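Colleague: So here's protein04.cif, just mmCIF, C-alpha atoms:
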```
data_structure
#
loop_
_atom_site.group_PDB
_atom_site.id
_atom_site.type_symbol
_atom_site.label_atom_id
_atom_site.label_comp_id
_atom_site.auth_asym_id
_atom_site.auth_seq_id
_atom_site.Cartn_x
_atom_site.Cartn_y
_atom_site.Cartn_z
ATOM 1 C CA MET L 1 101.465 54.342 87.249
ATOM 2 C CA VAL L 2 104.287 55.048 89.711
ATOM 3 C CA VAL L 3 103.899 58.096 91.975
ATOM 4 C CA TYR L 4 106.991 59.470 93.691
ATOM 5 C CA ALA L 5 105.508 61.091 96.789
ATOM 6 C CA ASP L 6 108.838 62.553 97.905
ATOM 7 C CA LEU L 7 109.342 64.380 94.579
ATOM 8 C CA ILE L 8 105.759 65.636 94.616
ATOM 9 C CA PHE L 9 106.236 66.921 98.172
ATOM 10 C CA LEU L 10 109.536 68.629 97.306
ATOM 11 C CA LEU L 11 108.146 70.278 94.170
ATOM 12 C CA ASN L 12 105.053 71.618 95.939
ATOM 13 C CA PHE L 13 107.130 72.668 98.944
ATOM 14 C CA LEU L 14 109.376 74.825 96.728
ATOM 15 C CA VAL L 15 106.421 76.282 94.816
ATOM 16 C CA ASP L 16 104.459 77.109 97.996
ATOM 17 C CA ALA L 17 107.541 78.646 99.621
ATOM 18 C CA ALA L 18 108.121 80.819 96.551
ATOM 19 C CA LEU L 19 104.476 81.974 96.520
ATOM 20 C CA LEU L 20 104.598 82.781 100.242
ATOM 21 C CA LEU L 21 107.800 84.799 99.771
ATOM 22 C CA VAL L 22 106.215 86.779 96.932
ATOM 23 C CA THR L 23 103.203 87.397 99.168
ATOM 24 C CA ALA L 24 105.462 88.670 101.951
ATOM 25 C CA LYS L 25 107.324 90.984 99.550
ATOM 26 C CA THR L 26 104.065 92.291 98.064
ATOM 27 C CA ARG L 27 102.543 93.008 101.463
ATOM 28 C CA LYS L 28 105.835 94.312 102.926
ATOM 29 C CA ILE L 29 105.640 91.742 105.731
ATOM 30 C CA ALA L 30 108.651 90.918 107.893
ATOM 31 C CA PHE L 31 108.818 87.134 107.832
ATOM 32 C CA LYS L 32 110.771 84.342 109.470
ATOM 33 C CA TRP L 33 112.245 81.623 107.281
ATOM 34 C CA TRP L 34 111.217 78.779 109.582
ATOM 35 C CA ARG L 35 107.583 79.905 109.478
ATOM 36 C CA ILE L 36 107.663 80.074 105.671
ATOM 37 C CA ALA L 37 109.164 76.570 105.560
ATOM 38 C CA LEU L 38 106.562 75.208 108.007
ATOM 39 C CA SER L 39 103.705 76.766 106.034
ATOM 40 C CA ALA L 40 105.063 75.429 102.723
ATOM 41 C CA ALA L 41 105.394 71.962 104.275
ATOM 42 C CA LEU L 42 101.733 72.151 105.356
ATOM 43 C CA GLY L 43 100.629 72.973 101.805
ATOM 44 C CA ALA L 44 102.844 70.289 100.257
ATOM 45 C CA SER L 45 101.509 67.687 102.703
ATOM 46 C CA TYR L 46 97.967 68.440 101.589
ATOM 47 C CA VAL L 47 98.895 67.765 97.945
ATOM 48 C CA VAL L 48 100.545 64.455 98.886
ATOM 49 C CA MET L 49 97.320 63.405 100.643
ATOM 50 C CA MET L 50 95.601 63.364 97.246
ATOM 51 C CA PHE L 51 97.554 60.210 96.422
ATOM 52 C CA LEU L 52 96.683 58.465 99.673
ATOM 53 C CA PRO L 53 93.535 56.481 100.557
ATOM 54 C CA VAL L 54 91.956 59.222 102.692
ATOM 55 C CA PRO L 55 88.280 60.292 102.970
ATOM 56 C CA THR L 56 87.071 62.491 100.104
ATOM 57 C CA LEU L 57 85.806 64.925 102.736
ATOM 58 C CA LEU L 58 89.362 66.251 103.004
ATOM 59 C CA PHE L 59 89.174 67.608 99.464
ATOM 60 C CA THR L 60 86.016 69.657 99.820
ATOM 61 C CA PHE L 61 86.014 73.419 99.364
ATOM 62 C CA SER L 62 85.674 74.145 103.098
ATOM 63 C CA VAL L 63 88.641 71.956 104.035
ATOM 64 C CA LYS L 64 90.754 73.548 101.308
ATOM 65 C CA CYS L 65 89.882 76.977 102.747
ATOM 66 C CA MET L 66 90.902 75.754 106.208
ATOM 67 C CA PHE L 67 94.264 74.551 104.897
ATOM 68 C CA CYS L 68 94.825 77.849 103.071
ATOM 69 C CA THR L 69 93.982 79.795 106.231
ATOM 70 C CA GLY L 70 96.305 77.570 108.244
ATOM 71 C CA MET L 71 99.139 78.223 105.797
ATOM 72 C CA ILE L 72 98.719 82.001 106.032
ATOM 73 C CA ILE L 73 98.507 82.013 109.844
ATOM 74 C CA THR L 74 101.529 79.703 110.075
ATOM 75 C CA ALA L 75 103.596 81.910 107.761
ATOM 76 C CA PHE L 76 102.574 85.397 108.895
ATOM 77 C CA GLY L 77 100.546 85.048 112.101
ATOM 78 C CA TYR L 78 96.975 86.196 112.693
ATOM 79 C CA GLY L 79 97.218 89.826 113.833
ATOM 80 C CA SER L 80 93.598 90.634 113.068
ATOM 81 C CA LEU L 81 90.794 89.365 110.818
ATOM 82 C CA GLN L 82 91.379 92.246 108.404
ATOM 83 C CA ASN L 83 95.095 91.503 108.278
ATOM 84 C CA LEU L 84 94.434 87.780 107.727
ATOM 85 C CA LEU L 85 92.014 88.435 104.850
ATOM 86 C CA ARG L 86 94.454 90.813 103.166
ATOM 87 C CA ASN L 87 97.316 88.329 103.420
ATOM 88 C CA MET L 88 95.109 85.522 102.147
ATOM 89 C CA GLY L 89 93.780 87.690 99.308
ATOM 90 C CA THR L 90 97.291 88.544 98.150
ATOM 91 C CA PHE L 91 98.384 84.905 98.383
ATOM 92 C CA LEU L 92 95.399 83.647 96.369
ATOM 93 C CA LEU L 93 95.731 86.341 93.714
ATOM 94 C CA ILE L 94 99.391 85.475 93.238
ATOM 95 C CA ASN L 95 98.412 81.808 92.991
ATOM 96 C CA PHE L 96 95.784 82.610 90.351
ATOM 97 C CA ALA L 97 98.242 84.732 88.375
ATOM 98 C CA VAL L 98 100.942 82.040 88.442
ATOM 99 C CA ALA L 99 98.504 79.232 87.624
ATOM 100 C CA GLY L 100 96.987 81.256 84.776
ATOM 101 C CA GLY L 101 100.426 82.034 83.389
ATOM 102 C CA MET L 102 101.447 78.379 83.502
ATOM 103 C CA PHE L 103 98.176 77.360 81.801
ATOM 104 C CA GLY L 104 98.663 79.976 79.082
ATOM 105 C CA ILE L 105 102.297 79.050 78.388
ATOM 106 C CA HIS L 106 101.434 75.363 78.195
ATOM 107 C CA TYR L 107 98.466 76.056 75.907
ATOM 108 C CA VAL L 108 100.597 78.148 73.535
ATOM 109 C CA LEU L 109 103.406 75.589 73.417
ATOM 110 C CA ALA L 110 101.099 72.575 72.958
ATOM 111 C CA SER L 111 101.214 71.552 69.289
ATOM 112 C CA SER L 112 97.995 69.535 69.218
ATOM 113 C CA SER L 113 95.244 68.366 71.509
ATOM 114 C CA ASP L 114 92.200 66.110 71.639
ATOM 115 C CA VAL L 115 88.985 66.536 73.583
ATOM 116 C CA MET L 116 87.691 63.510 75.483
ATOM 117 C CA LYS L 117 84.624 63.894 77.711
ATOM 118 C CA GLY L 118 85.183 67.588 78.345
ATOM 119 C CA ILE L 119 88.904 67.239 79.123
ATOM 120 C CA VAL L 120 91.578 68.512 76.750
ATOM 121 C CA PHE L 121 94.541 66.120 76.393
ATOM 122 C CA THR L 122 97.648 67.723 74.890
ATOM 123 C CA GLN L 123 100.464 65.948 73.095
ATOM 124 C CA SER L 124 102.565 66.102 76.260
ATOM 125 C CA GLY L 125 99.976 63.981 78.029
ATOM 126 C CA VAL L 126 98.806 66.731 80.396
ATOM 127 C CA ALA L 127 95.066 66.944 81.043
ATOM 128 C CA VAL L 128 93.551 70.430 80.884
ATOM 129 C CA PHE L 129 89.972 70.880 82.091
ATOM 130 C CA GLN L 130 87.631 72.703 79.754
ATOM 131 C CA PHE L 131 85.313 75.189 81.426
ATOM 132 C CA GLN L 132 81.881 75.844 79.953
ATOM 133 C CA ILE L 133 79.981 78.865 81.281
ATOM 134 C CA GLY L 134 76.508 79.249 79.893
ATOM 135 C CA SER L 135 75.631 82.658 81.287
ATOM 136 C CA ILE L 136 77.391 85.993 80.774
ATOM 137 C CA LEU L 137 75.715 87.191 83.970
ATOM 138 C CA PHE L 138 77.618 84.569 85.940
ATOM 139 C CA VAL L 139 80.922 85.900 84.559
ATOM 140 C CA VAL L 140 79.992 89.479 85.455
ATOM 141 C CA LEU L 141 78.906 88.527 88.973
ATOM 142 C CA LEU L 142 82.161 86.643 89.466
ATOM 143 C CA LEU L 143 84.379 89.282 87.884
ATOM 144 C CA LEU L 144 83.114 92.309 89.836
ATOM 145 C CA PRO L 145 83.907 90.989 93.343
ATOM 146 C CA LEU L 146 87.291 89.730 92.126
ATOM 147 C CA LEU L 147 88.149 93.181 90.745
ATOM 148 C CA TRP L 148 87.036 94.806 94.015
ATOM 149 C CA TRP L 149 89.108 92.291 95.988
ATOM 150 C CA PHE L 150 92.150 92.940 93.791
ATOM 151 C CA ARG L 151 91.795 96.704 94.219
ATOM 152 C CA THR L 152 91.328 96.508 98.011
ATOM 153 C CA VAL L 153 94.261 94.182 98.586
ATOM 154 C CA PHE L 154 96.764 96.111 96.504
ATOM 155 C CA GLN L 155 95.517 99.478 97.751
ATOM 156 C CA SER L 156 96.286 98.203 101.234
ATOM 157 C CA SER L 157 99.738 97.165 99.987
ATOM 158 C CA LYS L 158 100.396 100.704 98.736
ATOM 159 C CA GLN L 159 99.302 102.167 102.086
ATOM 160 C CA ARG L 160 101.655 99.779 103.871
ATOM 161 C CA GLU L 161 104.492 100.833 101.547
ATOM 162 C CA VAL L 162 103.886 104.487 102.448
ATOM 163 C CA MET L 163 103.823 103.593 106.137
ATOM 164 C CA THR L 164 107.183 101.782 105.928
ATOM 165 C CA THR L 165 108.870 105.113 105.113
ATOM 166 C CA TYR L 166 107.944 106.220 108.648
ATOM 167 C CA LEU L 167 109.220 103.070 110.332
ATOM 168 C CA ALA L 168 112.541 102.993 112.159
ATOM 169 C CA GLU L 169 114.505 100.543 114.267
ATOM 170 C CA VAL L 170 114.550 101.549 117.922
ATOM 171 C CA THR L 171 116.940 100.271 120.596
ATOM 172 C CA ILE L 172 116.375 101.177 124.250
ATOM 173 C CA HIS L 173 119.328 101.063 126.663
ATOM 174 C CA VAL L 174 118.707 100.944 130.419
ATOM 175 C CA GLY L 175 121.753 99.845 132.392
ATOM 176 C CA ASP L 176 122.732 96.393 131.129
ATOM 177 C CA PHE L 177 119.313 95.869 129.547
ATOM 178 C CA SER L 178 118.533 96.653 125.922
ATOM 179 C CA ALA L 179 115.406 96.088 123.816
ATOM 180 C CA THR L 180 115.062 96.483 120.042
ATOM 181 C CA CYS L 181 111.826 96.856 118.105
ATOM 182 C CA LYS L 182 110.191 98.648 115.193
ATOM 183 C CA GLY L 183 108.859 102.132 115.837
ATOM 184 C CA LEU L 184 106.497 104.400 113.891
ATOM 185 C CA ILE L 185 107.432 108.076 113.609
ATOM 186 C CA ASP L 186 104.151 109.765 114.491
ATOM 187 C CA THR L 187 104.050 113.529 113.912
ATOM 188 C CA GLY L 188 100.799 113.629 115.861
ATOM 189 C CA ASN L 189 102.461 112.337 119.035
ATOM 190 C CA GLN L 190 102.895 115.410 121.230
ATOM 191 C CA LEU L 191 103.144 113.656 124.584
ATOM 192 C CA TYR L 192 105.561 115.343 127.000
ATOM 193 C CA ASP L 193 106.316 115.035 130.681
ATOM 194 C CA PRO L 194 104.621 118.248 131.960
ATOM 195 C CA LEU L 195 107.306 118.891 134.607
ATOM 196 C CA THR L 196 110.498 118.491 132.575
ATOM 197 C CA ARG L 197 109.117 118.860 129.010
ATOM 198 C CA THR L 198 110.760 115.562 128.136
ATOM 199 C CA PRO L 199 109.291 113.887 125.020
ATOM 200 C CA VAL L 200 107.616 110.521 125.667
ATOM 201 C CA MET L 201 108.024 107.617 123.249
ATOM 202 C CA VAL L 202 105.259 105.034 123.720
ATOM 203 C CA MET L 203 106.222 101.345 123.641
ATOM 204 C CA GLU L 204 104.342 98.085 124.126
ATOM 205 C CA VAL L 205 104.915 96.736 127.634
ATOM 206 C CA SER L 206 105.232 93.214 126.197
ATOM 207 C CA GLU L 207 108.717 94.196 124.997
ATOM 208 C CA TRP L 208 109.696 94.584 128.683
ATOM 209 C CA GLY L 209 108.256 91.316 129.945
ATOM 210 C CA ASP L 210 111.682 89.927 130.918
ATOM 211 C CA VAL L 211 112.497 92.722 133.378
ATOM 212 C CA LEU L 212 109.142 93.836 134.755
ATOM 213 C CA PRO L 213 107.234 91.863 137.432
ATOM 214 C CA GLU L 214 104.189 89.975 136.196
ATOM 215 C CA LEU L 215 101.966 91.928 138.599
ATOM 216 C CA TRP L 216 103.166 95.155 136.985
ATOM 217 C CA LEU L 217 102.268 93.898 133.537
ATOM 218 C CA GLN L 218 98.741 93.133 134.730
ATOM 219 C CA ARG L 219 98.326 96.559 136.345
ATOM 220 C CA ILE L 220 99.637 98.374 133.261
ATOM 221 C CA ARG L 221 97.195 96.491 131.049
ATOM 222 C CA SER L 222 94.341 97.361 133.415
ATOM 223 C CA SER L 223 95.478 101.023 133.688
ATOM 224 C CA ASP L 224 96.167 100.740 137.442
ATOM 225 C CA VAL L 225 99.685 102.165 137.210
ATOM 226 C CA ASP L 226 99.209 104.407 140.268
ATOM 227 C CA GLN L 227 99.133 101.241 142.397
ATOM 228 C CA ILE L 228 102.598 100.362 141.097
ATOM 229 C CA ILE L 229 104.092 103.625 142.321
ATOM 230 C CA SER L 230 102.263 103.498 145.663
ATOM 231 C CA GLY L 231 103.494 99.934 146.245
ATOM 232 C CA LEU L 232 107.194 100.710 145.710
ATOM 233 C CA GLY L 233 109.201 100.195 148.875
ATOM 234 C CA VAL L 234 106.149 98.720 150.609
ATOM 235 C CA GLU L 235 105.030 95.682 148.622
ATOM 236 C CA GLU L 236 108.197 95.170 146.574
ATOM 237 C CA GLU L 237 111.524 96.654 145.508
ATOM 238 C CA PHE L 238 112.495 97.449 141.928
ATOM 239 C CA ILE L 239 116.029 98.002 140.648
ATOM 240 C CA TRP L 240 114.960 100.892 138.397
ATOM 241 C CA GLN L 241 112.508 102.562 140.749
ATOM 242 C CA ASP L 242 114.441 105.859 140.606
ATOM 243 C CA ARG L 243 113.857 105.848 136.827
ATOM 244 C CA LEU L 244 110.076 105.525 137.031
ATOM 245 C CA ARG L 245 107.743 108.387 136.188
ATOM 246 C CA LEU L 246 103.982 108.883 135.955
ATOM 247 C CA VAL L 247 103.042 110.829 132.817
ATOM 248 C CA PRO L 248 99.486 112.238 132.586
ATOM 249 C CA TYR L 249 97.663 112.042 129.260
ATOM 250 C CA ARG L 250 94.118 112.274 127.948
ATOM 251 C CA GLY L 251 92.521 108.958 127.022
ATOM 252 C CA VAL L 252 89.915 108.217 124.383
ATOM 253 C CA ASN L 253 87.128 109.299 126.766
ATOM 254 C CA ARG L 254 88.993 112.615 127.286
ATOM 255 C CA ASN L 255 89.586 111.820 130.945
ATOM 256 C CA THR L 256 93.050 112.328 132.399
ATOM 257 C CA GLN L 257 94.918 109.057 132.864
ATOM 258 C CA PHE L 258 98.456 108.150 133.846
ATOM 259 C CA MET L 259 101.073 106.189 131.933
ATOM 260 C CA LEU L 260 104.012 104.500 133.612
ATOM 261 C CA ALA L 261 107.267 105.638 132.007
ATOM 262 C CA ILE L 262 110.933 104.660 132.396
ATOM 263 C CA LYS L 263 113.907 106.994 131.986
ATOM 264 C CA PRO L 264 116.461 105.162 129.781
ATOM 265 C CA ASP L 265 120.168 105.874 129.470
ATOM 266 C CA LYS L 266 119.729 106.455 125.762
ATOM 267 C CA VAL L 267 117.576 105.594 122.764
ATOM 268 C CA VAL L 268 119.185 104.724 119.424
ATOM 269 C CA ILE L 269 117.021 105.239 116.320
ATOM 270 C CA ILE L 270 118.039 103.972 112.871
ATOM 271 C CA HIS L 271 116.003 105.613 110.112
ATOM 272 C CA ASN L 272 116.802 105.942 106.401
ATOM 273 C CA GLU L 273 120.283 104.494 107.003
ATOM 274 C CA SER L 274 121.116 107.225 109.531
ATOM 275 C CA GLN L 275 121.586 106.663 113.269
ATOM 276 C CA LEU L 276 120.238 109.058 115.866
ATOM 277 C CA GLU L 277 120.748 109.025 119.628
ATOM 278 C CA ALA L 278 118.601 110.673 122.268
ATOM 279 C CA THR L 279 119.111 110.856 126.012
ATOM 280 C CA LYS L 280 116.348 113.284 126.953
ATOM 281 C CA VAL L 281 113.428 110.904 126.490
ATOM 282 C CA LEU L 282 110.969 108.828 128.504
ATOM 283 C CA ILE L 283 109.608 105.428 127.457
ATOM 284 C CA GLY L 284 105.876 105.242 128.163
ATOM 285 C CA LEU L 285 104.588 101.678 128.617
ATOM 286 C CA ASP L 286 101.344 100.807 126.832
ATOM 287 C CA GLY L 287 99.447 97.696 127.899
ATOM 288 C CA GLY L 288 97.885 96.883 124.517
ATOM 289 C CA LYS L 289 99.065 96.426 120.932
ATOM 290 C CA LEU L 290 99.944 99.606 119.074
ATOM 291 C CA CYS L 291 99.466 97.924 115.688
ATOM 292 C CA SER L 292 97.094 95.014 115.058
ATOM 293 C CA ASP L 293 99.378 93.295 112.531
ATOM 294 C CA GLY L 294 102.571 93.802 114.548
ATOM 295 C CA SER L 295 104.271 96.131 112.033
ATOM 296 C CA TYR L 296 105.618 98.256 114.885
ATOM 297 C CA GLN L 297 105.779 98.078 118.672
ATOM 298 C CA ALA L 298 106.611 101.711 119.512
ATOM 299 C CA ILE L 299 105.483 105.218 118.585
ATOM 300 C CA ILE L 300 108.445 107.557 118.163
ATOM 301 C CA HIS L 301 108.066 111.159 119.253
ATOM 302 C CA PRO L 302 108.887 113.490 116.324
ATOM 303 C CA ALA L 303 111.114 115.612 118.581
ATOM 304 C CA LEU L 304 113.578 112.695 118.764
ATOM 305 C CA ILE L 305 114.008 112.751 114.971
ATOM 306 C CA GLN L 306 114.208 116.525 114.763
ATOM 307 C CA ALA L 307 116.826 116.590 117.492
ATOM 308 C CA GLY L 308 118.991 114.267 115.390
#
```
Since I need it in another form, could you write the structure as structure tokens?

Modeller:
Amino acid sequence: MVVYADLIFLLNFLVDAALLLVTAKTRKIAFKWWRIALSAALGASYVVMMFLPVPTLLFTFSVKCMFCTGMIITAFGYGSLQNLLRNMGTFLLINFAVAGGMFGIHYVLASSSDVMKGIVFTQSGVAVFQFQIGSILFVVLLLLPLLWWFRTVFQSSKQREVMTTYLAEVTIHVGDFSATCKGLIDTGNQLYDPLTRTPVMVMEVSEWGDVLPELWLQRIRSSDVDQIISGLGVEEEFIWQDRLRLVPYRGVNRNTQFMLAIKPDKVVIIHNESQLEATKVLIGLDGGKLCSDGSYQAIIHPALIQAG
């Protein structure tokens, strides 16, 4: 029998890419084409290995799970364990649905078949494995967790779809510098500069890594922003130092803390196909991640939307 490895790779590459794209659309994930292609190539390479003289250890259940996990992380990143499991759950469920549909269509179209040693051979020459389950209890125990998994994954997808209605594209302009990211319109964000009553939009400091000193990034992440202000003009100079502000806020432990903020020239917000501009706004720099799965990198103050 002649095996065309290149055709097998191409076929599985296209199928895996299609399944990953459906997963991204179902989960409302912003994806990059090169990551989808790299993940699909990883999956297709694993299939090609089945025709090579490699150790059978590579085809065990644990290794298959590792390859599946690698495909999901390659395509969509890690984010968090919860995010990874949801992405993997959606991907596997789509795989099961597609595989079941293909099996059903082939079974209906097959005109005749023979059973040889537990394997069904159809007239087209395709082998279909025959499953024999002796216990109804086994089916129930398998079905219940699958139903729960299905419900959890797609409930999460619905929640994400609701959240996307509150997402907007944000562009910050400061002099010649501009930064664009996704922002979440949070009606619960009531952070203002107490002196000027200027609304504060919170943004991940990682989006400013190209213009802020590395020492500043470390101090912001460790909540030592007061040392940044006290060091201006003494330890170092900063081109935007007249734009810097310290905004007090209450942390999780209810203690008063300070957030370093920058006064931009303007902020452009694109939401529901409408463009809004705001000049009376401060950009508060947060040292962590505002969203574990990277859906947004800023929290938009509701006053900026109402003003538009």

Colleague: How would you write, as a PyMOL selection string, the residues chosen by the PyMOL selection byres ((chain L and resi 74-82) around 8) on this structure?

Modeller: chain L and resi 20+29+31-32+35-36+38-39+70-73+83-86+292-294

Colleague: Would you kindly return, as a list in words, each protein, DNA or RNA residue with an atom no farther than 7 Å from any atom of stretch 203-216 of chain L, considering only C-alpha atoms and excluding same-chain residues fewer than 5 positions away?

Modeller: Ile228, Ile283, Gly284, Leu285, Asp286, Gly287, Gly288, Lys289, Leu290, Gln297, Ala298 and Ile299 of chain L

Colleague: Restrict the calculation to only C-alpha atoms, then for each residue of stretch 163-212 of chain L with any atom at most 9 Å from an atom of stretch 264-268 of chain L give the closest atom pair and their distance in Å to one decimal, rows by chain and rising residue number, as CSV.

Modeller:
```
residue,atom,partner,partner_atom,distance
L:Glu169,CA,L:Val268,CA,8.1
L:Val170,CA,L:Val268,CA,5.8
L:Thr171,CA,L:Val268,CA,5.1
L:Ile172,CA,L:Val267,CA,4.8
L:His173,CA,L:Lys266,CA,5.5
L:Val174,CA,L:Pro264,CA,4.8
L:Gly175,CA,L:Asp265,CA,6.9
```

Colleague: Output C-alpha atoms of each residue in that selection to a file, as a PDB file, in the coordinates of the input.

Modeller:
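Contents of result-v7.pdb, as written:
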```
ATOM      1  CA  GLU L 169     114.505 100.543 114.267  1.00  0.00           C
ATOM      2  CA  VAL L 170     114.550 101.549 117.922  1.00  0.00           C
ATOM      3  CA  THR L 171     116.940 100.271 120.596  1.00  0.00           C
ATOM      4  CA  ILE L 172     116.375 101.177 124.250  1.00  0.00           C
ATOM      5  CA  HIS L 173     119.328 101.063 126.663  1.00  0.00           C
ATOM      6  CA  VAL L 174     118.707 100.944 130.419  1.00  0.00           C
ATOM      7  CA  GLY L 175     121.753  99.845 132.392  1.00  0.00           C
TER       8      GLY L 175
END
```

Colleague: What is the distance between atom CA of L:Glu277 and atom CA of L:Leu304, in Å to one decimal?

Modeller: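 Pair atom CA of L:Glu277 / atom CA of L:Leu304 returns 8.1 Å.
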
Colleague: What does the distance between atom CA of L:Thr69 and atom CA of L:Thr56 come to in Å, to one decimal place?

Modeller: 19.6 Å

Colleague: Name the residues that the PyMOL selection byres ((chain L and resi 168) around 9) picks from the file above, as a list in words, using the file's chain letters and numbers.

Modeller: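 With the PyMOL selection byres ((chain L and resi 168) around 9) on this model, the match is Thr164, Thr165, Tyr166, Leu167, Glu169, Val170, Cys181, Lys182, Gly183, Leu184, Ile185, Ile269, Ile270, His271, Asn272, Tyr296 and Ile300 of chain L.
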
Colleague: For L:Phe59, list every protein, DNA or RNA residue within 10 Å, evaluated using all atoms listed in the file, and leave out those in the same chain fewer than 3 positions away; present the list as an MDAnalysis selection string.

Modeller: chainID L and resid 46:47 49:50 54:56 62:65

Colleague: Once 3 Å is added on each side, what centre and edge lengths in Å to one decimal does the axis-aligned box around all listed atoms of stretch 237-242 of chain L have, as JSON?

Modeller:
```
{"center_x": 113.8, "center_y": 101.3, "center_z": 142.0, "size_x": 10.5, "size_y": 15.2, "size_z": 13.1}
```

Colleague: For atom CA of L:Pro53 and atom CA of L:Ala40, determine how far apart the two atoms are, in Å to one decimal place.

Modeller: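 Here the two named atoms are 22.3 Å from each other.
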
Colleague: Find the residues around L:Leu246 up to 8 Å (all atoms listed in the file counted), leave out those fewer than 3 positions away in its own chain, and share them as JSON, numbers by chain.

Modeller: {"L": [226, 258, 259, 260, 261]}

Colleague: Between L:Arg197, L:Thr90, L:Leu11, L:Phe67, which residue has the minimum interatomic distance to L:Lys25, considering all atoms listed in the file?

Modeller: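 Checking each of L:Arg197, L:Thr90, L:Leu11, L:Phe67 against L:Lys25, counting all atoms listed in the file, the winner is L:Thr90.
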